[in-house]
$ cat structure_10.tsv   # TSV, C-alpha atoms
chain	number	residue	atom	x	y	z
T	1	MET	CA	-77.64	-6.62	-25.36
T	2	ALA	CA	-75.13	-9.44	-25.79
T	3	ALA	CA	-75.53	-12.40	-23.47
T	4	LEU	CA	-72.84	-13.03	-20.85
T	5	LEU	CA	-74.13	-16.56	-20.24
T	6	THR	CA	-75.96	-18.73	-22.76
T	7	ALA	CA	-77.08	-22.21	-21.74
T	8	LYS	CA	-78.84	-24.46	-24.25
T	9	ALA	CA	-80.74	-27.72	-23.93
T	10	LEU	CA	-79.38	-28.49	-20.47
T	11	ARG	CA	-80.08	-31.97	-19.13
T	12	ALA	CA	-78.74	-33.10	-15.76
T	13	GLY	CA	-79.85	-35.24	-12.87
T	14	TYR	CA	-79.06	-37.86	-10.28
T	15	GLY	CA	-79.00	-41.61	-10.73
T	16	ALA	CA	-80.99	-42.81	-13.71
T	17	GLY	CA	-83.33	-39.84	-14.10
T	18	ASP	CA	-82.97	-36.39	-15.62
T	19	VAL	CA	-84.09	-33.51	-13.41
T	20	LEU	CA	-83.40	-30.80	-15.99
T	21	GLN	CA	-85.40	-31.51	-19.11
T	22	GLY	CA	-83.78	-29.26	-21.71
T	23	ILE	CA	-83.30	-25.80	-20.18
T	24	ASP	CA	-82.43	-22.77	-22.33
T	25	ILE	CA	-81.43	-19.50	-20.66
T	26	GLU	CA	-79.52	-16.32	-21.50
T	27	ILE	CA	-78.34	-13.64	-19.07
T	28	ALA	CA	-76.70	-10.32	-19.95
T	29	THR	CA	-74.46	-8.09	-17.86
T	30	GLY	CA	-76.60	-5.62	-15.89
T	31	GLU	CA	-79.51	-8.01	-15.47
T	32	ILE	CA	-81.02	-9.67	-12.42
T	33	VAL	CA	-82.94	-12.71	-13.61
T	34	ALA	CA	-85.01	-14.87	-11.27
T	35	VAL	CA	-85.93	-18.54	-11.46
T	36	LEU	CA	-89.01	-19.40	-9.46
T	37	GLY	CA	-91.19	-22.40	-8.77
T	38	ARG	CA	-92.19	-24.85	-6.08
T	39	ASN	CA	-89.72	-26.97	-4.14
T	40	GLY	CA	-88.39	-29.96	-6.04
T	41	VAL	CA	-88.88	-28.70	-9.60
T	42	GLY	CA	-85.16	-28.47	-10.41
T	43	LYS	CA	-84.11	-24.93	-9.50
T	44	SER	CA	-81.10	-25.88	-7.37
T	45	THR	CA	-80.15	-28.56	-9.88
T	46	LEU	CA	-79.97	-25.83	-12.52
T	47	MET	CA	-77.65	-23.73	-10.35
T	48	LYS	CA	-75.39	-26.71	-9.59
T	49	SER	CA	-75.22	-27.48	-13.30
T	50	LEU	CA	-74.30	-23.90	-14.20
T	51	ILE	CA	-71.49	-23.72	-11.65
T	52	GLY	CA	-70.28	-27.25	-12.54
T	53	ILE	CA	-70.93	-29.13	-9.29
T	54	LEU	CA	-73.33	-31.40	-11.17
T	55	PRO	CA	-72.08	-32.53	-14.62
T	56	LEU	CA	-74.36	-32.07	-17.59
T	57	ARG	CA	-75.67	-35.13	-19.39
T	58	SER	CA	-76.24	-33.04	-22.50
T	59	GLY	CA	-76.44	-29.42	-23.55
T	60	ALA	CA	-73.92	-26.58	-23.69
T	61	ILE	CA	-72.88	-23.57	-21.61
T	62	ASP	CA	-71.19	-20.54	-23.16
T	63	TYR	CA	-69.86	-17.85	-20.84
T	64	GLY	CA	-68.24	-14.71	-22.17
T	65	GLY	CA	-67.62	-16.40	-25.51
T	66	ARG	CA	-65.97	-19.43	-23.92
T	67	ASN	CA	-67.42	-22.93	-23.91
T	68	LEU	CA	-67.55	-24.02	-20.25
T	69	THR	CA	-69.55	-27.20	-20.79
T	70	LYS	CA	-66.73	-29.56	-19.82
T	71	GLU	CA	-64.94	-27.31	-17.33
T	72	SER	CA	-64.86	-27.96	-13.58
T	73	ALA	CA	-66.57	-25.88	-10.92
T	74	ASP	CA	-63.17	-24.52	-9.87
T	75	SER	CA	-62.40	-23.45	-13.43
T	76	ARG	CA	-65.78	-21.78	-13.82
T	77	ALA	CA	-65.25	-19.88	-10.58
T	78	ARG	CA	-61.87	-18.68	-11.82
T	79	GLN	CA	-63.50	-17.53	-15.06
T	80	GLY	CA	-65.74	-15.24	-13.01
T	81	ILE	CA	-68.83	-17.16	-11.89
T	82	GLY	CA	-69.64	-16.72	-8.20
T	83	TYR	CA	-71.98	-19.12	-6.41
T	84	VAL	CA	-73.88	-18.84	-3.13
T	85	PRO	CA	-75.64	-22.16	-2.48
T	86	GLN	CA	-78.88	-22.64	-0.60
T	87	GLY	CA	-77.98	-22.95	3.06
T	88	ARG	CA	-74.96	-20.65	2.53
T	89	GLU	CA	-72.28	-23.27	3.37
T	90	ILE	CA	-70.02	-20.87	5.19
T	91	PHE	CA	-67.27	-22.32	7.38
T	92	PRO	CA	-68.86	-21.94	10.84
T	93	HIS	CA	-65.75	-22.64	12.92
T	94	MET	CA	-63.62	-20.19	10.94
T	95	THR	CA	-63.70	-16.44	11.54
T	96	VAL	CA	-65.52	-13.99	9.32
T	97	GLU	CA	-62.20	-12.79	7.91
T	98	GLU	CA	-61.03	-16.34	7.22
T	99	ASN	CA	-64.26	-17.05	5.33
T	100	LEU	CA	-63.75	-13.93	3.23
T	101	ARG	CA	-60.15	-14.94	2.57
T	102	MET	CA	-61.39	-18.21	1.08
T	103	GLY	CA	-63.32	-16.22	-1.53
T	104	ARG	CA	-60.18	-14.34	-2.50
T	105	LEU	CA	-58.38	-17.53	-3.47
T	106	ILE	CA	-60.25	-17.71	-6.78
T	107	ARG	CA	-59.92	-14.06	-7.75
T	108	ARG	CA	-59.31	-13.58	-11.45
T	109	ASP	CA	-57.11	-10.47	-11.16
T	110	ARG	CA	-54.99	-10.55	-8.02
T	111	SER	CA	-53.79	-6.99	-8.63
T	112	LYS	CA	-57.28	-5.84	-7.66
T	113	ALA	CA	-57.22	-7.73	-4.35
T	114	GLU	CA	-57.21	-4.77	-1.98
T	115	ALA	CA	-59.67	-2.72	-4.04
T	116	VAL	CA	-62.16	-5.59	-4.15
T	117	ARG	CA	-61.66	-6.24	-0.43
T	118	GLN	CA	-62.43	-2.63	0.44
T	119	ASP	CA	-65.47	-2.62	-1.87
T	120	VAL	CA	-66.90	-5.67	-0.11
T	121	TYR	CA	-66.41	-4.04	3.28
T	122	GLY	CA	-68.05	-0.91	1.90
T	123	TYR	CA	-71.19	-2.85	1.04
T	124	PHE	CA	-71.13	-4.95	4.23
T	125	PRO	CA	-69.38	-2.81	6.89
T	126	PHE	CA	-70.40	-5.08	9.77
T	127	LEU	CA	-68.08	-7.77	8.36
T	128	ARG	CA	-65.03	-5.61	9.06
T	129	GLU	CA	-66.21	-5.03	12.62
T	130	ARG	CA	-66.74	-8.75	13.16
T	131	GLY	CA	-63.69	-10.04	11.32
T	132	ALA	CA	-62.42	-12.01	14.32
T	133	GLN	CA	-65.83	-13.50	15.19
T	134	ARG	CA	-66.61	-17.13	14.40
T	135	ALA	CA	-68.91	-17.18	11.38
T	136	GLY	CA	-71.23	-19.75	12.94
T	137	THR	CA	-72.19	-17.30	15.69
T	138	LEU	CA	-73.65	-14.78	13.21
T	139	SER	CA	-77.39	-14.62	12.66
T	140	GLY	CA	-78.88	-16.34	9.62
T	141	GLY	CA	-79.14	-13.06	7.75
T	142	GLN	CA	-75.59	-12.08	8.60
T	143	GLN	CA	-74.36	-15.48	7.46
T	144	GLU	CA	-76.15	-14.98	4.13
T	145	MET	CA	-74.47	-11.60	3.70
T	146	LEU	CA	-71.13	-13.21	4.56
T	147	ALA	CA	-71.71	-15.90	1.93
T	148	ILE	CA	-72.53	-13.24	-0.69
T	149	ALA	CA	-69.48	-11.19	0.34
T	150	ARG	CA	-67.27	-14.29	0.13
T	151	ALA	CA	-68.48	-14.89	-3.44
T	152	LEU	CA	-67.92	-11.23	-4.35
T	153	ASN	CA	-64.36	-11.41	-3.07
T	154	GLY	CA	-63.67	-13.54	-6.14
T	155	ASP	CA	-64.65	-10.53	-8.29
T	156	PRO	CA	-67.27	-12.42	-10.35
T	157	ALA	CA	-68.98	-11.17	-13.48
T	158	LEU	CA	-71.92	-13.52	-12.88
T	159	LEU	CA	-73.37	-14.25	-9.44
T	160	LEU	CA	-75.57	-17.31	-8.85
T	161	LEU	CA	-77.74	-16.96	-5.73
T	162	ASP	CA	-79.77	-19.96	-4.53
T	163	GLU	CA	-82.60	-19.02	-2.13
T	164	PRO	CA	-80.86	-16.12	-0.35
T	165	SER	CA	-84.00	-15.44	1.75
T	166	ASP	CA	-84.04	-18.96	3.22
T	167	GLY	CA	-83.98	-18.68	7.02
T	168	VAL	CA	-83.43	-14.91	6.91
T	169	GLN	CA	-85.57	-12.35	8.74
T	170	PRO	CA	-87.64	-10.03	6.50
T	171	SER	CA	-85.66	-6.86	7.31
T	172	ILE	CA	-82.41	-8.51	6.23
T	173	VAL	CA	-84.07	-9.90	3.08
T	174	GLN	CA	-84.94	-6.32	2.19
T	175	GLU	CA	-81.34	-5.27	2.80
T	176	ILE	CA	-80.11	-8.03	0.51
T	177	GLY	CA	-82.55	-6.93	-2.19
T	178	ASP	CA	-81.50	-3.29	-1.90
T	179	PHE	CA	-77.85	-4.31	-2.08
T	180	LEU	CA	-78.34	-6.43	-5.22
T	181	VAL	CA	-80.12	-3.64	-7.10
T	182	LYS	CA	-77.45	-1.12	-6.13
T	183	PHE	CA	-74.57	-3.46	-6.88
T	184	VAL	CA	-75.80	-4.40	-10.35
T	185	ALA	CA	-76.46	-0.73	-11.15
T	186	GLU	CA	-72.90	0.19	-10.19
T	187	ARG	CA	-70.94	-2.78	-11.50
T	188	ALA	CA	-70.54	-4.84	-14.66
T	189	ILE	CA	-72.18	-7.94	-13.22
T	190	ALA	CA	-75.17	-10.19	-13.87
T	191	VAL	CA	-77.18	-12.05	-11.24
T	192	LEU	CA	-79.24	-15.23	-11.53
T	193	ILE	CA	-81.33	-15.74	-8.42
T	194	VAL	CA	-83.43	-18.76	-7.42
T	195	GLU	CA	-86.10	-17.52	-5.04
T	196	GLN	CA	-89.62	-18.06	-3.71
T	197	ASN	CA	-89.93	-14.86	-1.67
T	198	ILE	CA	-92.38	-12.68	-3.62
T	199	ASP	CA	-91.20	-9.40	-2.10
T	200	LEU	CA	-87.57	-10.11	-2.96
T	201	ILE	CA	-88.38	-11.19	-6.52
T	202	GLN	CA	-90.43	-8.06	-7.10
T	203	SER	CA	-87.75	-5.78	-5.67
T	204	VAL	CA	-84.85	-7.08	-7.76
T	205	ALA	CA	-85.82	-9.06	-10.88
T	206	GLY	CA	-86.17	-7.60	-14.35
T	207	ARG	CA	-87.11	-10.99	-15.83
T	208	ALA	CA	-88.15	-14.29	-14.34
T	209	PHE	CA	-88.45	-17.87	-15.53
T	210	VAL	CA	-91.06	-20.18	-14.03
T	211	MET	CA	-89.84	-23.75	-13.61
T	212	ASP	CA	-91.92	-26.90	-13.29
T	213	LYS	CA	-90.78	-30.52	-13.59
T	214	GLY	CA	-87.35	-29.54	-14.88
T	215	ARG	CA	-88.60	-27.21	-17.61
T	216	PHE	CA	-89.23	-23.50	-17.99
T	217	VAL	CA	-92.98	-23.17	-18.49
T	218	ALA	CA	-93.20	-19.37	-18.62
T	219	GLU	CA	-91.06	-16.24	-18.85
T	220	LEU	CA	-92.24	-13.11	-17.05
T	221	ASP	CA	-91.29	-9.52	-17.82
T	222	ARG	CA	-90.93	-6.76	-15.24
T	223	ALA	CA	-94.62	-5.76	-15.40
T	224	GLN	CA	-95.78	-9.34	-14.88
T	225	ILE	CA	-93.39	-9.74	-11.95
T	226	GLN	CA	-94.88	-6.67	-10.30
T	227	ASP	CA	-98.39	-8.17	-10.56
T	228	THR	CA	-98.59	-10.04	-7.26
T	229	GLN	CA	-101.56	-12.14	-8.36
T	230	THR	CA	-99.73	-13.30	-11.49
T	231	LEU	CA	-96.55	-14.00	-9.57
T	232	SER	CA	-98.40	-15.90	-6.83
T	233	HIS	CA	-100.12	-18.01	-9.46
T	234	HIS	CA	-96.83	-19.02	-11.06
T	235	LEU	CA	-95.23	-19.77	-7.71
T	236	SER	CA	-98.05	-22.21	-7.01
T	237	ILE	CA	-97.77	-24.10	-10.30

$ encode --input "structure_10.tsv" --output "structure tokens"
Amino acid sequence: MAALLTAKALRAGYGAGDVLQGIDIEIATGEIVAVLGRNGVGKSTLMKSLIGILPLRSGAIDYGGRNLTKESADSRARQGIGYVPQGREIFPHMTVEENLRMGRLIRRDRSKAEAVRQDVYGYFPFLRERGAQRAGTLSGGQQEMLAIARALNGDPALLLLDEPSDGVQPSIVQEIGDFLVKFVAERAIAVLIVEQNIDLIQSVAGRAFVMDKGRFVAELDRAQIQDTQTLSHHLSI
């Protein structure tokens, strides 16, 4: 299967130090790949580097046959990379509909605007019902779903999800997991998810990379991910 995203020898960081210490990763359409590890090992730094919020110090990113290494976050989004940061970063004083509209601004093919809009409402029907509600009054789980829906409104081919279970009740985490599996099965999309929730990783990921001190120290296949003892061990590294 041809890779949609290929990143090689990524180094990035803050100030004088490198957080990422030479990361290599490939993701193909139809895959959900997880990155796991303790807090502070570089997972969010990897996501920020892939979307372009944090410039690379060295390395290269190829996406769909195009070199994105020097391109801005805005350009990468317009090329079809969606990003949901840890903490969601919705606009709390704007309505649900206004938040969704922001996601539509970066859509690659504007002729698909209404079709994509209806698809998003199909997956998250409560958003239509609460379109006039201020986003900040939603529960944590509903805000996470809104953030995912906002990213999907851009019609991405690759979705980057950073800790979607953070601050979300278990029942909603399960809903998010079920949605991701269904969505990837139905659409030509790939998902890279940073996560520490064992149940969510096991329910969605076909492969997983274990990160420690800015490096991938192990790659797990589906069978290893389903072994809770093995997964717990790697999460504690």

$ residues_around --input "structure_10.tsv" --residues "Arg150 in chain T" --least-positions-apart "4" --cutoff "7 Å" --atoms "all atoms listed in the file" --output "number ranges by chain"
T: 99-100, 103, 146

$ atom_distance --input "structure_10.tsv" --atom1 "CA of Pro85 in chain T" --atom2 "CA of Glu163 in chain T"
7.6 Å

$ residues_around --input "structure_10.tsv" --residues "Val96 in chain T" --least-positions-apart "2" --cutoff "7 Å" --atoms "all atoms listed in the file" --output "PDB file with C-alpha atoms, keeping the file's coordinate frame"
ATOM      1  CA  MET T  94     -63.620 -20.190  10.940  1.00  0.00           C
ATOM      2  CA  GLU T  98     -61.030 -16.340   7.220  1.00  0.00           C
ATOM      3  CA  ASN T  99     -64.260 -17.050   5.330  1.00  0.00           C
ATOM      4  CA  LEU T 100     -63.750 -13.930   3.230  1.00  0.00           C
ATOM      5  CA  LEU T 127     -68.080  -7.770   8.360  1.00  0.00           C
ATOM      6  CA  ARG T 130     -66.740  -8.750  13.160  1.00  0.00           C
ATOM      7  CA  GLY T 131     -63.690 -10.040  11.320  1.00  0.00           C
ATOM      8  CA  ALA T 132     -62.420 -12.010  14.320  1.00  0.00           C
ATOM      9  CA  GLN T 133     -65.830 -13.500  15.190  1.00  0.00           C
ATOM     10  CA  ARG T 134     -66.610 -17.130  14.400  1.00  0.00           C
ATOM     11  CA  ALA T 135     -68.910 -17.180  11.380  1.00  0.00           C
TER      12      ALA T 135
END

$ residues_around --input "structure_10.tsv" --residues "Leu54 in chain T" --least-positions-apart "4" --cutoff "9 Å" --atoms "all atoms listed in the file" --output "list in words"
Ala12, Gly13, Tyr14, Thr45, Leu46, Met47, Lys48, Ser49, Leu50 and Ala73 of chain T

$ closest_residue --input "structure_10.tsv" --among "T:Leu56, T:Ala28, T:Val168, T:Val35" --to "Ala9 in chain T" --atoms "all atoms listed in the file"
T:Leu56

$ closest_residue --input "structure_10.tsv" --among "T:Glu71, T:Asp178, T:Asp24, T:Asp221" --to "Gly59 in chain T" --atoms "only C-alpha atoms"
T:Asp24

$ atom_distance --input "structure_10.tsv" --atom1 "CA of Val210 in chain T" --atom2 "CA of Val41 in chain T"
9.8 Å

$ closest_residue --input "structure_10.tsv" --among "T:Leu5, T:Leu161, T:Ala149, T:Val33" --to "Gln86 in chain T" --atoms "only C-alpha atoms"
T:Leu161

$ atom_distance --input "structure_10.tsv" --atom1 "CA of Thr95 in chain T" --atom2 "CA of Leu138 in chain T"
10.2 Å

$ residues_near_point --input "structure_10.tsv" --point "(-85.6, -20.4, 8.0)" --cutoff "12 Å" --atoms "only C-alpha atoms" --output "ChimeraX atom specification"
/T:86-88,139-141,144,163-170,173,197

$ closest_residue --input "structure_10.tsv" --among "T:Ser236, T:Asp62, T:Ser72, T:Glu186" --to "Ile198 in chain T" --atoms "all atoms listed in the file"
T:Ser236

$ closest_residue --input "structure_10.tsv" --among "T:Met211, T:Ala205, T:Val116, T:Ile90" --to "Leu192 in chain T" --atoms "all atoms listed in the file"
T:Ala205

$ closest_residue --input "structure_10.tsv" --among "T:Val181, T:Ala188, T:Ala115, T:Val84" --to "Met145 in chain T" --atoms "all atoms listed in the file"
T:Val84

$ residues_near_point --input "structure_10.tsv" --point "(-75.8, -9.5, -22.4)" --cutoff "9 Å" --atoms "only C-alpha atoms" --output "PyMOL selection string"
chain T and resi 1-5+26-31+190

$ build_atoms --input "structure_10.tsv" --residues "range 170-196 of chain T" --atoms "N, CA and C atoms" --output "mmCIF file, keeping the file's coordinate frame"
data_model
loop_
_atom_site.group_PDB
_atom_site.id
_atom_site.type_symbol
_atom_site.label_atom_id
_atom_site.label_comp_id
_atom_site.auth_asym_id
_atom_site.auth_seq_id
_atom_site.Cartn_x
_atom_site.Cartn_y
_atom_site.Cartn_z
ATOM 1 N N PRO T 170 -87.187 -10.913 7.590
ATOM 2 C CA PRO T 170 -87.640 -10.030 6.500
ATOM 3 C C PRO T 170 -86.828 -8.751 6.337
ATOM 4 N N SER T 171 -86.405 -8.122 7.436
ATOM 5 C CA SER T 171 -85.660 -6.860 7.310
ATOM 6 C C SER T 171 -84.325 -7.081 6.613
ATOM 7 N N ILE T 172 -83.694 -8.215 6.878
ATOM 8 C CA ILE T 172 -82.410 -8.510 6.230
ATOM 9 C C ILE T 172 -82.631 -8.898 4.771
ATOM 10 N N VAL T 173 -83.736 -9.592 4.471
ATOM 11 C CA VAL T 173 -84.070 -9.900 3.080
ATOM 12 C C VAL T 173 -84.188 -8.618 2.279
ATOM 13 N N GLN T 174 -84.818 -7.599 2.869
ATOM 14 C CA GLN T 174 -84.940 -6.320 2.190
ATOM 15 C C GLN T 174 -83.573 -5.687 1.963
ATOM 16 N N GLU T 175 -82.697 -5.789 2.955
ATOM 17 C CA GLU T 175 -81.340 -5.270 2.800
ATOM 18 C C GLU T 175 -80.603 -5.967 1.663
ATOM 19 N N ILE T 176 -80.765 -7.278 1.579
ATOM 20 C CA ILE T 176 -80.110 -8.030 0.510
ATOM 21 C C ILE T 176 -80.643 -7.592 -0.850
ATOM 22 N N GLY T 177 -81.957 -7.405 -0.938
ATOM 23 C CA GLY T 177 -82.550 -6.930 -2.190
ATOM 24 C C GLY T 177 -82.037 -5.561 -2.579
ATOM 25 N N ASP T 178 -82.000 -4.644 -1.627
ATOM 26 C CA ASP T 178 -81.500 -3.290 -1.900
ATOM 27 C C ASP T 178 -80.051 -3.334 -2.363
ATOM 28 N N PHE T 179 -79.259 -4.188 -1.703
ATOM 29 C CA PHE T 179 -77.850 -4.310 -2.080
ATOM 30 C C PHE T 179 -77.708 -4.809 -3.517
ATOM 31 N N LEU T 180 -78.477 -5.850 -3.880
ATOM 32 C CA LEU T 180 -78.340 -6.430 -5.220
ATOM 33 C C LEU T 180 -78.671 -5.403 -6.297
ATOM 34 N N VAL T 181 -79.738 -4.655 -6.109
ATOM 35 C CA VAL T 181 -80.120 -3.640 -7.100
ATOM 36 C C VAL T 181 -79.025 -2.594 -7.226
ATOM 37 N N LYS T 182 -78.507 -2.131 -6.105
ATOM 38 C CA LYS T 182 -77.450 -1.120 -6.130
ATOM 39 C C LYS T 182 -76.178 -1.667 -6.762
ATOM 40 N N PHE T 183 -75.820 -2.881 -6.394
ATOM 41 C CA PHE T 183 -74.570 -3.460 -6.880
ATOM 42 C C PHE T 183 -74.598 -3.655 -8.386
ATOM 43 N N VAL T 184 -75.704 -4.172 -8.904
ATOM 44 C CA VAL T 184 -75.800 -4.400 -10.350
ATOM 45 C C VAL T 184 -75.836 -3.074 -11.105
ATOM 46 N N ALA T 185 -76.430 -2.045 -10.501
ATOM 47 C CA ALA T 185 -76.460 -0.730 -11.150
ATOM 48 C C ALA T 185 -75.076 -0.108 -11.227
ATOM 49 N N GLU T 186 -74.218 -0.437 -10.261
ATOM 50 C CA GLU T 186 -72.900 0.190 -10.190
ATOM 51 C C GLU T 186 -71.794 -0.618 -10.853
ATOM 52 N N ARG T 187 -72.006 -1.913 -11.039
ATOM 53 C CA ARG T 187 -70.940 -2.780 -11.500
ATOM 54 C C ARG T 187 -71.329 -3.537 -12.769
ATOM 55 N N ALA T 188 -70.312 -4.010 -13.479
ATOM 56 C CA ALA T 188 -70.540 -4.840 -14.660
ATOM 57 C C ALA T 188 -70.705 -6.284 -14.187
ATOM 58 N N ILE T 189 -71.909 -6.612 -13.762
ATOM 59 C CA ILE T 189 -72.180 -7.940 -13.220
ATOM 60 C C ILE T 189 -73.596 -8.347 -13.591
ATOM 61 N N ALA T 190 -73.827 -9.638 -13.665
ATOM 62 C CA ALA T 190 -75.170 -10.190 -13.870
ATOM 63 C C ALA T 190 -75.477 -11.101 -12.691
ATOM 64 N N VAL T 191 -76.762 -11.223 -12.365
ATOM 65 C CA VAL T 191 -77.180 -12.050 -11.240
ATOM 66 C C VAL T 191 -78.305 -12.976 -11.689
ATOM 67 N N LEU T 192 -78.155 -14.253 -11.374
ATOM 68 C CA LEU T 192 -79.240 -15.230 -11.530
ATOM 69 C C LEU T 192 -79.616 -15.677 -10.130
ATOM 70 N N ILE T 193 -80.876 -15.473 -9.772
ATOM 71 C CA ILE T 193 -81.330 -15.740 -8.420
ATOM 72 C C ILE T 193 -82.488 -16.727 -8.416
ATOM 73 N N VAL T 194 -82.347 -17.807 -7.679
ATOM 74 C CA VAL T 194 -83.430 -18.760 -7.420
ATOM 75 C C VAL T 194 -84.118 -18.302 -6.145
ATOM 76 N N GLU T 195 -85.429 -18.103 -6.199
ATOM 77 C CA GLU T 195 -86.100 -17.520 -5.040
ATOM 78 C C GLU T 195 -87.589 -17.815 -5.052
ATOM 79 N N GLN T 196 -88.179 -17.909 -3.847
ATOM 80 C CA GLN T 196 -89.620 -18.060 -3.710
ATOM 81 C C GLN T 196 -90.257 -16.894 -2.954
#
